[in-house]
file structure.txt (compact mmCIF, C-alpha atoms and all ligand atoms)
# COMPACT_ATOMS: atom_id res chain seq x y z
CA MET M 1 4.37 22.22 18.90
CA LEU M 2 0.59 21.98 18.59
CA ALA M 3 -0.62 22.10 15.02
CA ILE M 4 -3.79 21.65 13.00
CA GLY M 5 -3.75 19.93 9.60
CA LEU M 6 -6.64 20.37 7.16
CA ILE M 7 -7.48 18.79 3.83
CA SER M 8 -10.43 17.90 1.67
CA GLY M 9 -9.37 15.25 -0.81
CA THR M 10 -10.47 14.25 -4.27
CA SER M 11 -13.56 12.45 -2.92
CA VAL M 12 -14.81 15.92 -1.85
CA ASP M 13 -16.57 14.26 1.09
CA GLY M 14 -15.62 16.90 3.64
CA ILE M 15 -12.75 18.48 5.52
CA ASP M 16 -10.47 16.17 7.46
CA ALA M 17 -9.04 18.03 10.44
CA ALA M 18 -6.24 16.69 12.64
CA PHE M 19 -5.11 18.29 15.87
CA VAL M 20 -1.58 17.04 16.53
CA GLU M 21 1.40 17.48 18.74
CA ILE M 22 4.66 17.43 16.82
CA ASP M 23 8.04 17.24 18.50
CA GLY M 24 11.48 15.86 17.82
CA ASP M 25 14.00 16.86 15.22
CA VAL M 26 12.69 17.88 11.77
CA ASN M 27 14.47 14.78 10.48
CA HIS M 28 12.77 12.55 13.03
CA PRO M 29 9.42 14.15 13.79
CA ARG M 30 7.25 12.45 16.38
CA VAL M 31 3.57 13.06 15.83
CA GLN M 32 0.71 12.36 18.18
CA LEU M 33 -2.87 12.68 16.95
CA LEU M 34 -4.84 14.35 19.76
CA ALA M 35 -8.10 14.74 17.80
CA GLY M 36 -9.33 13.95 14.31
CA GLU M 37 -12.68 14.74 12.77
CA THR M 38 -14.26 15.00 9.32
CA TYR M 39 -16.55 17.99 8.81
CA PRO M 40 -18.82 17.39 5.80
CA TYR M 41 -19.31 20.26 3.36
CA PRO M 42 -22.80 21.72 3.13
CA GLU M 43 -24.39 19.66 0.29
CA GLU M 44 -24.81 22.70 -1.96
CA LEU M 45 -21.11 23.59 -1.63
CA ARG M 46 -20.06 20.00 -2.35
CA GLU M 47 -22.15 20.00 -5.50
CA ARG M 48 -20.60 23.28 -6.69
CA ILE M 49 -17.12 21.85 -6.12
CA LEU M 50 -17.89 18.61 -7.97
CA GLU M 51 -19.34 20.56 -10.90
CA ILE M 52 -16.23 22.63 -11.37
CA CYS M 53 -14.00 19.55 -10.91
CA ALA M 54 -16.00 18.05 -13.78
CA GLY M 55 -15.16 21.08 -15.93
CA LYS M 56 -18.10 23.46 -15.45
CA ALA M 57 -17.13 27.01 -16.44
CA LEU M 58 -17.54 29.79 -13.92
CA SER M 59 -16.88 33.54 -13.86
CA VAL M 60 -13.97 35.00 -11.88
CA GLU M 61 -16.50 36.43 -9.45
CA GLU M 62 -18.05 33.00 -8.93
CA LEU M 63 -14.56 31.57 -8.45
CA ALA M 64 -13.83 34.18 -5.75
CA ASP M 65 -17.10 33.35 -3.97
CA LEU M 66 -16.34 29.64 -4.10
CA ASP M 67 -12.80 30.21 -2.81
CA ASP M 68 -14.16 32.22 0.13
CA ALA M 69 -16.90 29.69 0.91
CA ILE M 70 -14.32 26.88 1.02
CA ALA M 71 -11.95 28.99 3.16
CA LEU M 72 -14.79 29.66 5.60
CA SER M 73 -15.58 25.93 5.84
CA PHE M 74 -11.89 25.17 6.46
CA ALA M 75 -11.63 27.93 9.11
CA ARG M 76 -14.75 26.55 10.84
CA ALA M 77 -13.24 23.06 10.78
CA ALA M 78 -10.07 24.44 12.39
CA MET M 79 -12.04 26.20 15.10
CA ALA M 80 -14.16 23.12 15.75
CA ILE M 81 -11.17 20.76 16.12
CA GLN M 82 -9.50 23.39 18.34
CA GLN M 83 -12.42 23.20 20.85
CA GLY M 84 -11.35 21.84 24.21
CA GLN M 85 -7.66 21.77 23.20
CA PRO M 86 -4.83 24.13 24.10
CA ARG M 87 -4.34 26.73 21.35
CA ALA M 88 -2.59 25.48 18.21
CA GLU M 89 0.38 27.53 17.03
CA ILE M 90 0.01 26.75 13.37
CA ILE M 91 -2.43 25.48 10.76
CA GLY M 92 -1.30 23.61 7.65
CA SER M 93 -4.14 23.75 5.14
CA HIS M 94 -4.07 21.89 1.85
CA GLY M 95 -7.39 23.31 0.68
CA GLN M 96 -9.59 21.72 -1.97
CA THR M 97 -8.09 20.67 -5.29
CA VAL M 98 -10.39 21.69 -8.13
CA PHE M 99 -7.91 21.40 -11.00
CA HIS M 100 -4.61 19.62 -11.49
CA ARG M 101 -2.51 19.63 -14.63
CA PRO M 102 0.81 17.78 -14.53
CA PRO M 103 3.84 19.38 -16.22
CA ASP M 104 4.28 18.58 -19.89
CA GLY M 105 7.76 19.01 -21.33
CA GLU M 106 8.69 22.68 -20.98
CA LYS M 107 5.17 23.55 -19.85
CA LEU M 108 4.90 23.83 -16.07
CA GLY M 109 2.15 22.04 -14.19
CA TYR M 110 -0.79 23.92 -12.73
CA SER M 111 -2.66 22.89 -9.61
CA VAL M 112 -5.49 24.85 -8.00
CA GLN M 113 -6.38 24.39 -4.34
CA LEU M 114 -9.22 26.63 -3.18
CA GLY M 115 -9.77 27.86 0.38
CA ARG M 116 -7.20 30.63 0.59
CA GLY M 117 -4.88 30.46 3.56
CA GLU M 118 -4.92 34.22 4.22
CA SER M 119 -8.64 33.96 4.88
CA ILE M 120 -8.22 30.98 7.22
CA ALA M 121 -5.49 32.87 9.13
CA ARG M 122 -7.67 35.97 9.35
CA ILE M 123 -10.76 34.10 10.59
CA THR M 124 -8.97 31.85 13.09
CA GLY M 125 -6.18 34.21 14.17
CA ILE M 126 -3.80 31.24 13.82
CA GLU M 127 -0.74 31.43 11.55
CA THR M 128 -1.63 29.39 8.48
CA VAL M 129 0.55 27.75 5.86
CA SER M 130 -1.19 26.98 2.55
CA ASN M 131 -0.64 26.57 -1.19
CA PHE M 132 1.80 23.72 -0.64
CA ARG M 133 2.07 22.51 -4.23
CA ALA M 134 3.06 25.78 -5.95
CA ALA M 135 6.81 25.92 -5.21
CA ASP M 136 7.49 22.36 -6.37
CA ILE M 137 5.51 23.02 -9.55
CA ALA M 138 7.32 26.33 -10.15
CA ILE M 139 10.67 24.52 -10.38
CA GLY M 140 9.27 21.86 -12.72
CA GLY M 141 7.79 19.22 -10.40
CA HIS M 142 4.29 17.77 -10.34
CA GLY M 143 3.57 19.26 -6.90
CA ALA M 144 2.03 15.85 -6.13
CA PRO M 145 1.89 13.49 -4.44
CA LEU M 146 3.36 15.24 -1.39
CA VAL M 147 2.39 12.81 1.37
CA PRO M 148 5.03 10.16 0.43
CA LYS M 149 7.71 12.28 2.14
CA ILE M 150 5.70 12.27 5.37
CA ASP M 151 5.09 8.53 4.93
CA ALA M 152 8.83 8.08 4.56
CA TYR M 153 9.58 9.95 7.78
CA LEU M 154 6.78 8.39 9.83
CA LEU M 155 6.38 4.88 8.43
CA SER M 156 9.66 3.58 7.04
CA HIS M 157 11.10 0.51 8.75
CA PRO M 158 14.76 -0.31 9.53
CA THR M 159 14.72 -3.66 7.69
CA LYS M 160 11.43 -4.07 5.81
CA THR M 161 10.47 -2.61 2.46
CA ARG M 162 7.04 -1.04 2.63
CA CYS M 163 4.53 0.50 0.26
CA VAL M 164 2.04 2.91 1.75
CA GLN M 165 -0.99 2.78 -0.52
CA ASN M 166 -3.55 5.55 -0.21
CA LEU M 167 -7.01 4.61 -1.46
CA GLY M 168 -8.75 7.96 -1.60
CA GLY M 169 -10.62 9.30 -4.62
CA ILE M 170 -7.31 8.89 -6.45
CA GLY M 171 -4.78 6.28 -5.33
CA ASN M 172 -1.17 7.05 -4.60
CA VAL M 173 1.76 5.03 -3.36
CA ALA M 174 4.91 5.71 -1.34
CA TYR M 175 7.62 3.07 -1.77
CA LEU M 176 9.80 2.99 1.34
CA PRO M 177 13.01 0.96 1.24
CA PRO M 178 14.49 0.15 4.67
CA ARG M 179 15.68 3.34 6.37
CA GLN M 180 19.40 2.71 6.04
CA GLY M 181 22.31 4.71 4.63
CA GLU M 182 22.81 8.36 3.76
CA ASP M 183 21.09 8.13 0.39
CA TRP M 184 17.94 6.52 1.84
CA GLU M 185 15.65 9.43 1.02
CA SER M 186 16.63 9.43 -2.65
CA ARG M 187 15.52 5.78 -2.91
CA VAL M 188 11.98 6.59 -1.79
CA PHE M 189 9.57 6.64 -4.75
CA GLY M 190 5.96 7.51 -5.09
CA TRP M 191 3.32 8.39 -7.67
CA ASP M 192 -0.41 8.52 -8.24
CA THR M 193 -1.45 4.99 -9.15
CA GLY M 194 -4.73 6.12 -10.80
CA PRO M 195 -8.29 5.57 -9.60
CA GLY M 196 -8.79 4.79 -5.92
CA ASN M 197 -12.52 5.02 -5.23
CA VAL M 198 -13.46 7.70 -7.73
CA LEU M 199 -14.85 5.43 -10.45
CA ILE M 200 -16.51 3.11 -7.90
CA ASP M 201 -18.19 6.09 -6.19
CA LEU M 202 -19.38 7.59 -9.48
CA ALA M 203 -20.77 4.23 -10.60
CA VAL M 204 -22.64 3.66 -7.32
CA GLN M 205 -24.16 7.14 -7.57
CA LEU M 206 -25.24 6.50 -11.13
CA LEU M 207 -26.70 3.07 -10.34
CA THR M 208 -28.66 4.30 -7.30
CA ASP M 209 -29.73 7.67 -8.72
CA GLY M 210 -27.62 9.43 -6.13
CA GLU M 211 -29.15 7.57 -3.19
CA ARG M 212 -25.83 5.93 -2.31
CA THR M 213 -22.42 7.52 -2.73
CA PHE M 214 -20.06 4.58 -2.23
CA ASP M 215 -19.96 0.78 -2.05
CA ARG M 216 -19.80 0.16 1.71
CA ASN M 217 -17.07 -2.42 2.44
CA GLY M 218 -17.24 -3.44 -1.23
CA GLU M 219 -20.35 -5.50 -0.47
CA TRP M 220 -22.10 -4.77 -3.76
CA ALA M 221 -19.04 -5.46 -5.92
CA ALA M 222 -18.46 -8.71 -4.00
CA THR M 223 -21.76 -10.06 -5.38
CA GLY M 224 -20.49 -9.62 -8.94
CA THR M 225 -17.72 -11.13 -11.04
CA PRO M 226 -15.00 -8.96 -12.54
CA CYS M 227 -14.52 -9.20 -16.29
CA ARG M 228 -10.79 -9.82 -16.72
CA GLU M 229 -10.88 -9.09 -20.43
CA LEU M 230 -12.23 -5.61 -19.74
CA VAL M 231 -9.74 -4.93 -16.96
CA ASP M 232 -6.92 -5.87 -19.33
CA ARG M 233 -8.35 -3.51 -21.93
CA TRP M 234 -8.69 -0.65 -19.46
CA LEU M 235 -5.13 -1.28 -18.25
CA GLU M 236 -3.99 -0.25 -21.73
CA ASP M 237 -4.80 3.36 -20.79
CA PRO M 238 -1.58 5.34 -21.38
CA TYR M 239 -1.62 6.70 -17.79
CA PHE M 240 -0.87 3.24 -16.40
CA HIS M 241 2.18 2.92 -18.67
CA LEU M 242 3.65 6.35 -18.02
CA SER M 243 6.83 6.09 -15.94
CA PRO M 244 6.89 8.01 -12.65
CA PRO M 245 7.09 10.79 -11.63
CA LYS M 246 3.42 11.09 -12.46
CA SER M 247 0.27 12.55 -10.98
CA THR M 248 -3.37 12.61 -11.97
CA GLY M 249 -6.82 13.58 -10.80
CA ARG M 250 -10.52 13.80 -11.49
CA GLU M 251 -9.67 15.54 -14.79
CA LEU M 252 -8.72 12.13 -16.23
CA PHE M 253 -10.72 9.72 -14.02
CA SER M 254 -13.89 11.69 -14.63
CA PRO M 255 -17.60 11.10 -15.23
CA ALA M 256 -16.74 10.93 -18.96
CA TYR M 257 -14.17 8.18 -18.23
CA LEU M 258 -16.86 6.28 -16.32
CA GLU M 259 -19.32 6.69 -19.18
CA ARG M 260 -16.81 5.14 -21.59
CA SER M 261 -16.29 2.24 -19.18
CA ARG M 262 -20.07 1.76 -19.02
CA GLU M 263 -20.25 1.59 -22.80
CA ASP M 264 -17.49 -1.03 -22.75
CA ALA M 265 -19.34 -3.03 -20.10
CA ARG M 266 -22.50 -3.09 -22.26
CA GLY M 267 -20.49 -4.92 -24.89
CA TYR M 268 -19.88 -7.73 -22.36
CA ASP M 269 -23.45 -7.84 -21.07
CA LEU M 270 -22.34 -7.23 -17.47
CA SER M 271 -24.81 -6.83 -14.59
CA ALA M 272 -24.54 -3.77 -12.33
CA ALA M 273 -22.67 -5.84 -9.73
CA ASP M 274 -20.30 -7.25 -12.39
CA TRP M 275 -19.54 -3.73 -13.65
CA LEU M 276 -18.82 -2.55 -10.10
CA ALA M 277 -16.65 -5.60 -9.46
CA THR M 278 -14.78 -4.86 -12.71
CA LEU M 279 -14.21 -1.20 -11.74
CA THR M 280 -12.98 -2.29 -8.29
CA ASP M 281 -10.73 -4.84 -9.93
CA LEU M 282 -9.27 -2.09 -12.14
CA THR M 283 -8.18 -0.15 -9.04
CA ALA M 284 -6.48 -3.27 -7.62
CA ALA M 285 -4.98 -4.37 -10.95
CA SER M 286 -3.63 -0.91 -11.78
CA ILE M 287 -1.92 -0.67 -8.39
CA ALA M 288 -0.34 -4.12 -8.66
CA HIS M 289 0.64 -3.49 -12.29
CA SER M 290 2.39 -0.25 -11.32
CA TYR M 291 4.33 -1.95 -8.49
CA ARG M 292 5.49 -4.72 -10.81
CA THR M 293 6.40 -2.28 -13.57
CA PHE M 294 8.02 0.60 -11.73
CA LEU M 295 9.42 -0.67 -8.41
CA PRO M 296 12.86 -2.24 -7.97
CA ARG M 297 11.10 -5.08 -6.09
CA LEU M 298 7.75 -5.92 -4.55
CA PRO M 299 7.44 -4.70 -0.97
CA ASP M 300 7.34 -6.98 2.08
CA GLU M 301 4.29 -5.08 3.32
CA VAL M 302 1.61 -2.85 1.85
CA LEU M 303 0.08 -0.45 4.37
CA LEU M 304 -3.36 0.71 3.25
CA CYS M 305 -4.89 4.04 4.21
CA GLY M 306 -7.72 6.29 3.04
CA GLY M 307 -11.40 5.33 2.91
CA GLY M 308 -10.85 2.51 0.40
CA ALA M 309 -8.88 0.59 3.05
CA ARG M 310 -12.37 -0.40 4.34
CA ASN M 311 -13.39 -1.89 1.01
CA ASP M 312 -12.88 -5.60 1.76
CA TYR M 313 -13.47 -6.64 -1.83
CA LEU M 314 -10.83 -4.20 -3.09
CA ARG M 315 -8.39 -5.46 -0.51
CA GLN M 316 -9.07 -9.06 -1.48
CA ARG M 317 -8.51 -8.26 -5.18
CA LEU M 318 -5.25 -6.48 -4.34
CA LEU M 319 -4.08 -9.48 -2.35
CA SER M 320 -4.81 -11.78 -5.25
CA TYR M 321 -2.82 -9.56 -7.66
CA LEU M 322 0.18 -9.12 -5.34
CA GLY M 323 0.47 -12.71 -4.18
CA LYS M 324 0.92 -14.31 -0.78
CA ASN M 325 4.47 -13.02 -0.21
CA VAL M 326 3.20 -9.48 0.24
CA LYS M 327 1.50 -8.80 3.56
CA ILE M 328 -1.40 -6.35 3.43
CA LEU M 329 -2.01 -4.27 6.56
CA THR M 330 -3.38 -0.82 7.32
CA THR M 331 -1.31 2.12 8.56
CA ASP M 332 -3.45 1.96 11.73
CA GLU M 333 -2.00 -1.47 12.40
CA VAL M 334 1.47 0.07 12.57
CA GLY M 335 0.35 3.05 14.65
CA LEU M 336 -0.69 5.80 12.22
CA ASN M 337 -4.34 6.69 11.76
CA GLY M 338 -5.14 6.07 8.09
CA ASP M 339 -8.26 8.24 7.96
CA PHE M 340 -6.41 11.35 9.12
CA LYS M 341 -2.95 10.65 7.70
CA GLU M 342 -3.31 13.28 4.95
CA ALA M 343 -4.51 15.91 7.45
CA ILE M 344 -1.62 14.97 9.75
CA ALA M 345 0.74 15.29 6.77
CA PHE M 346 -0.25 18.91 6.15
CA ALA M 347 0.34 19.73 9.82
CA VAL M 348 3.82 18.22 9.46
CA LEU M 349 4.42 20.11 6.20
CA ALA M 350 3.52 23.38 7.98
CA TYR M 351 5.91 22.44 10.80
CA TRP M 352 8.65 21.75 8.26
CA ARG M 353 7.90 25.01 6.43
CA ILE M 354 8.28 27.22 9.49
CA ASN M 355 11.42 25.32 10.50
CA GLY M 356 12.97 25.83 7.06
CA PHE M 357 12.94 22.11 6.13
CA SER M 358 12.03 21.23 2.55
CA GLY M 359 8.71 19.44 2.09
CA ASN M 360 9.09 17.91 -1.37
CA LEU M 361 10.79 14.71 -2.41
CA PRO M 362 12.35 15.29 -5.84
CA SER M 363 12.41 11.52 -6.47
CA VAL M 364 8.60 11.57 -6.17
CA THR M 365 7.46 14.89 -7.62
CA GLY M 366 10.13 15.07 -10.32
CA ALA M 367 11.31 18.51 -9.17
CA PRO M 368 15.00 19.16 -9.82
CA GLY M 369 15.69 19.68 -6.11
CA PRO M 370 14.34 20.22 -2.63
CA VAL M 371 12.30 23.35 -1.95
CA LEU M 372 10.36 24.92 0.92
CA LEU M 373 6.65 24.25 0.45
CA GLY M 374 3.82 26.58 1.40
CA GLU M 375 3.06 30.24 1.93
CA ILE M 376 2.82 31.61 5.46
CA HIS M 377 -0.06 33.89 6.46
CA ALA M 378 -0.46 35.54 9.86
CA PHE M 379 -3.10 38.12 10.81
CA PRO M 380 -5.05 38.91 13.94
CA ALA M 381 -8.43 37.14 14.09
CA VAL M 382 -11.50 38.93 12.74
N1 LIG U 1 -16.65 1.48 4.62
C1 LIG U 1 -16.22 1.80 3.40
N2 LIG U 1 -16.25 0.87 2.42
C2 LIG U 1 -15.84 1.16 1.16
N3 LIG U 1 -15.37 2.36 0.79
C3 LIG U 1 -15.29 3.32 1.73
C4 LIG U 1 -15.71 3.10 3.07
N4 LIG U 1 -15.53 4.26 3.76
C5 LIG U 1 -15.03 5.15 2.87
N5 LIG U 1 -14.90 4.60 1.66
C6 LIG U 1 -14.43 5.23 0.41
O1 LIG U 1 -13.44 6.17 0.73
C7 LIG U 1 -13.70 7.40 0.07
C8 LIG U 1 -13.13 8.53 0.87
O2 LIG U 1 -11.78 8.28 1.07
P1 LIG U 1 -10.77 9.42 1.51
O3 LIG U 1 -11.46 10.30 2.48
O4 LIG U 1 -9.52 8.75 1.90
O5 LIG U 1 -10.60 10.18 0.13
P2 LIG U 1 -9.96 11.58 -0.15
O6 LIG U 1 -9.01 11.92 0.94
O7 LIG U 1 -11.06 12.52 -0.44
O8 LIG U 1 -9.19 11.34 -1.51
P3 LIG U 1 -7.64 11.61 -1.94
O9 LIG U 1 -6.77 10.84 -1.02
O10 LIG U 1 -7.61 11.14 -3.35
O11 LIG U 1 -7.44 13.08 -1.87
C9 LIG U 1 -15.20 7.46 -0.08
O12 LIG U 1 -15.56 8.25 -1.18
C10 LIG U 1 -15.54 5.98 -0.29
O13 LIG U 1 -15.45 5.66 -1.65
C1 LIG U 2 -3.45 17.56 -6.92
C2 LIG U 2 -4.01 16.76 -5.80
O1 LIG U 2 -4.76 17.27 -4.98
N1 LIG U 2 -3.65 15.49 -5.74
C3 LIG U 2 -4.08 14.62 -4.67
C4 LIG U 2 -4.96 13.48 -5.19
O2 LIG U 2 -5.40 12.64 -4.13
C5 LIG U 2 -4.46 11.58 -4.00
C6 LIG U 2 -3.44 11.90 -5.02
O3 LIG U 2 -4.21 12.62 -5.98
C7 LIG U 2 -2.32 12.85 -4.51
O4 LIG U 2 -1.51 13.22 -5.61
C8 LIG U 2 -2.85 14.16 -3.95
O5 LIG U 2 -3.10 14.21 -2.61
C9 LIG U 2 -2.25 13.89 -1.56
C10 LIG U 2 -2.71 14.62 -0.36
C11 LIG U 2 -0.75 14.12 -1.81
O6 LIG U 2 -0.34 15.15 -2.33
O7 LIG U 2 0.02 13.24 -1.39
call {"tool": "encode", "arguments": {"input": "structure.txt", "output": "structure tokens", "more": "lines below"}}
Ligand SMILES: Nc1ncnc2c1ncn2[C@@H]1O[C@H](COP(=O)(O)OP(=O)(O)OP(=O)(O)O)[C@@H](O)[C@H]1O
Ligand SMILES: CC(=O)N[C@H]1[C@@H]2OC[C@@H](O2)[C@@H](O)[C@@H]1O[C@H](C)C(=O)O
result
Amino acid sequence: MLAIGLISGTSVDGIDAAFVEIDGDVNHPRVQLLAGETYPYPEELRERILEICAGKALSVEELADLDDAIALSFARAAMAIQQGQPRAEIIGSHGQTVFHRPPDGEKLGYSVQLGRGESIARITGIETVSNFRAADIAIGGHGAPLVPKIDAYLLSHPTKTRCVQNLGGIGNVAYLPPRQGEDWESRVFGWDTGPGNVLIDLAVQLLTDGERTFDRNGEWAATGTPCRELVDRWLEDPYFHLSPPKSTGRELFSPAYLERSREDARGYDLSAADWLATLTDLTAASIAHSYRTFLPRLPDEVLLCGGGARNDYLRQRLLSYLGKNVKILTTDEVGLNGDFKEAIAFAVLAYWRINGFSGNLPSVTGAPGPVLLGEIHAFPAV
């Protein structure tokens, strides 16, 4: 089956579109990436999204307009990636997360992804599956992270234990024990590890007055020295000590969070590069701390993906925290494109949805059981 997967992640840098061929059994999907492209948002739209992620209030009418503008951008991305390819049968669209609240005791979680699927289906004329997080949340799960199940089916190894570490805006991990035995799936774990690039990106923007949006290859941070005392202090944040299942977002790792970290840094008289190195070190330290605290054992291999996999300084810090016995690779090095893995995942989730195969992993999201993920929309094109 030919499918398109679409997502804009928490970095809000644009829509990742993957055009894929999926075949094989639902239990053993084989996926080939035929085309992958990132379509940046128009700058004005990106700014509106970032403002509401940071808590700006807006009227219901403004919300509707924003939802439609995002859906139009997603539909355009689908049509652009479709160019020159045979027609896709299905689109799996994650949309744009603008709010995520994990469940709290009896209170269900709430997660808002804009870019309504019905609109994408109507504009493209291609059956579209969207709103993937809602069903897991409705039965008590976090609705996130969802990609660890796809990681498990595409990247687990017969004898090695692997962690797939996404370094997007937010970081998340999938722990994959060797694929052996009937109960294998229930031994897969995953959670949001905390900040990926979000604090680094916000700091770079602040330091350069918006001229730069990220620390290319970690070059700036590499000229500084991380302040271990501060990292240890920041690691006291309750999120890092919460046992999985757990999920987070820009609501916690926000501009206000960065501002507090800047205040802390002033107390240590850090230079801009030292502060950036310290924020990068926090990402690495929080990941390693969560592996040591919550995993049954350290993995043999960590497979990095997401934009932060290109941050050499971050990778070097992670290596130093995990030690020489853990090999650090990228998912590309084992055959899966790490820039488009999330887009690929939503194509696979759509494929699973229409084939009646559950998309959530209860051991990751905390839901009480498996459930079909996503709503299906099909209309003739406009
Ligand atoms: N060459 C590079 N060097 C350092 N960092 C990079 C590089 N390229 C991309 N990045 C970082 O990766 C980020 C984008 O990563 P990605 O597209 O994986 O995030 P996302 O999918 O939006 O987030 P999430 O996975 O949390 O939803 C950029 O904001 C930037 O910080
Ligand atoms: C609510 C939401 O959009 N969460 C994102 C975010 O970005 C990374 C991490 O936090 C993960 O939980 C999730 O995305 C991926 C696609 C997931 O569900 O696996």
call {"tool": "closest_residue", "arguments": {"input": "structure.txt", "among": "M:Gln32, M:Thr38, M:Ser247, M:Asn27", "to": "Leu6 (chain M)", "atoms": "all atoms listed in the file"}}
result
M:Thr38
call {"tool": "residues_around", "arguments": {"input": "structure.txt", "residues": "region 334-336 of chain M", "least_positions_apart": "6", "cutoff": "9 Å", "atoms": "all atoms listed in the file", "output": "PyMOL selection string"}}
result
chain M and resi 32-33+154-155+303
call {"tool": "closest_residue", "arguments": {"input": "structure.txt", "among": "M:Leu45, M:Ala152, M:Ile90, M:Leu318", "to": "ligand LIG 2 (chain U)", "atoms": "all atoms listed in the file"}}
result
M:Ala152
call {"tool": "atom_distance", "arguments": {"input": "structure.txt", "atom1": "atom O6 of ligand LIG 2 (chain U)", "atom2": "CA of Val173 (chain M)"}}
result
10.4 Å
call {"tool": "residues_around", "arguments": {"input": "structure.txt", "residues": "Gly109 (chain M)", "least_positions_apart": "4", "cutoff": "9 Å", "atoms": "all atoms listed in the file", "output": "PyMOL selection string"}}
result
chain M and resi 100-104+137-138+140-143
call {"tool": "closest_atom_pairs", "arguments": {"input": "structure.txt", "of": "chain M", "to": "ligand LIG 2 (chain U)", "cutoff": "10 Å", "atoms": "only C-alpha atoms and all ligand atoms", "output": "Markdown table"}}
result
| residue | atom | partner | partner_atom | distance |
| --- | --- | --- | --- | --- |
| M:Ile7 | CA | U:LIG2 | C10 | 7.6 |
| M:Ser8 | CA | U:LIG2 | C10 | 8.6 |
| M:Gly9 | CA | U:LIG2 | O2 | 5.8 |
| M:Thr10 | CA | U:LIG2 | O2 | 5.3 |
| M:Ser11 | CA | U:LIG2 | O2 | 8.3 |
| M:His94 | CA | U:LIG2 | C10 | 7.7 |
| M:Gly95 | CA | U:LIG2 | O1 | 8.7 |
| M:Gln96 | CA | U:LIG2 | O1 | 7.2 |
| M:Thr97 | CA | U:LIG2 | O1 | 4.8 |
| M:Val98 | CA | U:LIG2 | O1 | 7.8 |
| M:Phe99 | CA | U:LIG2 | C1 | 7.2 |
| M:His100 | CA | U:LIG2 | C1 | 5.1 |
| M:Arg101 | CA | U:LIG2 | C1 | 8.0 |
| M:Pro102 | CA | U:LIG2 | C1 | 8.7 |
| M:Tyr110 | CA | U:LIG2 | C1 | 9.0 |
| M:Ser111 | CA | U:LIG2 | C1 | 6.0 |
| M:Val112 | CA | U:LIG2 | C1 | 7.6 |
| M:Gln113 | CA | U:LIG2 | O1 | 7.3 |
| M:Phe132 | CA | U:LIG2 | O6 | 9.0 |
| M:Arg133 | CA | U:LIG2 | C1 | 7.9 |
| M:His142 | CA | U:LIG2 | C1 | 8.5 |
| M:Gly143 | CA | U:LIG2 | C1 | 7.2 |
| M:Ala144 | CA | U:LIG2 | O4 | 4.4 |
| M:Pro145 | CA | U:LIG2 | O6 | 3.5 |
| M:Leu146 | CA | U:LIG2 | O6 | 3.8 |
| M:Val147 | CA | U:LIG2 | O7 | 3.7 |
| M:Pro148 | CA | U:LIG2 | O7 | 6.2 |
| M:Lys149 | CA | U:LIG2 | O7 | 8.5 |
| M:Ile150 | CA | U:LIG2 | O7 | 8.9 |
| M:Asp151 | CA | U:LIG2 | O7 | 9.4 |
| M:Asn166 | CA | U:LIG2 | C5 | 7.2 |
| M:Leu167 | CA | U:LIG2 | C5 | 7.8 |
| M:Gly168 | CA | U:LIG2 | C5 | 6.1 |
| M:Gly169 | CA | U:LIG2 | O2 | 6.2 |
| M:Ile170 | CA | U:LIG2 | C5 | 4.6 |
| M:Gly171 | CA | U:LIG2 | C5 | 5.5 |
| M:Asn172 | CA | U:LIG2 | C6 | 5.4 |
| M:Val173 | CA | U:LIG2 | O7 | 8.6 |
| M:Ala174 | CA | U:LIG2 | O7 | 9.0 |
| M:Gly190 | CA | U:LIG2 | O7 | 9.0 |
| M:Trp191 | CA | U:LIG2 | O4 | 7.1 |
| M:Asp192 | CA | U:LIG2 | O4 | 5.5 |
| M:Thr193 | CA | U:LIG2 | C6 | 8.3 |
| M:Gly194 | CA | U:LIG2 | O3 | 8.1 |
| M:Pro195 | CA | U:LIG2 | O3 | 8.9 |
| M:Gly196 | CA | U:LIG2 | C5 | 8.3 |
| M:Lys246 | CA | U:LIG2 | O4 | 8.7 |
| M:Ser247 | CA | U:LIG2 | O4 | 5.7 |
| M:Thr248 | CA | U:LIG2 | O3 | 6.0 |
| M:Gly249 | CA | U:LIG2 | O3 | 5.6 |
| M:Arg250 | CA | U:LIG2 | C4 | 8.4 |
| M:Gly306 | CA | U:LIG2 | C5 | 9.4 |
| M:Lys341 | CA | U:LIG2 | C10 | 9.0 |
| M:Glu342 | CA | U:LIG2 | C10 | 5.5 |
| M:Ala343 | CA | U:LIG2 | C10 | 8.1 |
| M:Ala345 | CA | U:LIG2 | C10 | 7.9 |
| M:Phe346 | CA | U:LIG2 | C10 | 8.2 |
| M:Asn360 | CA | U:LIG2 | O6 | 9.9 |
| M:Val364 | CA | U:LIG2 | O7 | 10.0 |
| M:Thr365 | CA | U:LIG2 | O4 | 9.3 |
call {"tool": "closest_residue", "arguments": {"input": "structure.txt", "among": "M:Ala367, M:Ile22, M:Ala64, M:Val12", "to": "Pro40 (chain M)", "atoms": "all atoms listed in the file"}}
result
M:Val12
call {"tool": "residues_around", "arguments": {"input": "structure.txt", "residues": "Phe379 (chain M)", "least_positions_apart": "2", "cutoff": "8 Å", "atoms": "all atoms listed in the file", "output": "list of chain:residue names"}}
result
M:Glu118, M:Ala121, M:Arg122, M:Gly125, M:Ile126, M:Glu127, M:His377, M:Ala381
call {"tool": "closest_residue", "arguments": {"input": "structure.txt", "among": "M:Trp352, M:Phe214, M:Tyr239, M:Trp275", "to": "ligand LIG 1 (chain U)", "atoms": "only C-alpha atoms and all ligand atoms"}}
result
M:Phe214
call {"tool": "atom_distance", "arguments": {"input": "structure.txt", "atom1": "CA of Gly374 (chain M)", "atom2": "CA of Asp183 (chain M)"}}
result
25.3 Å
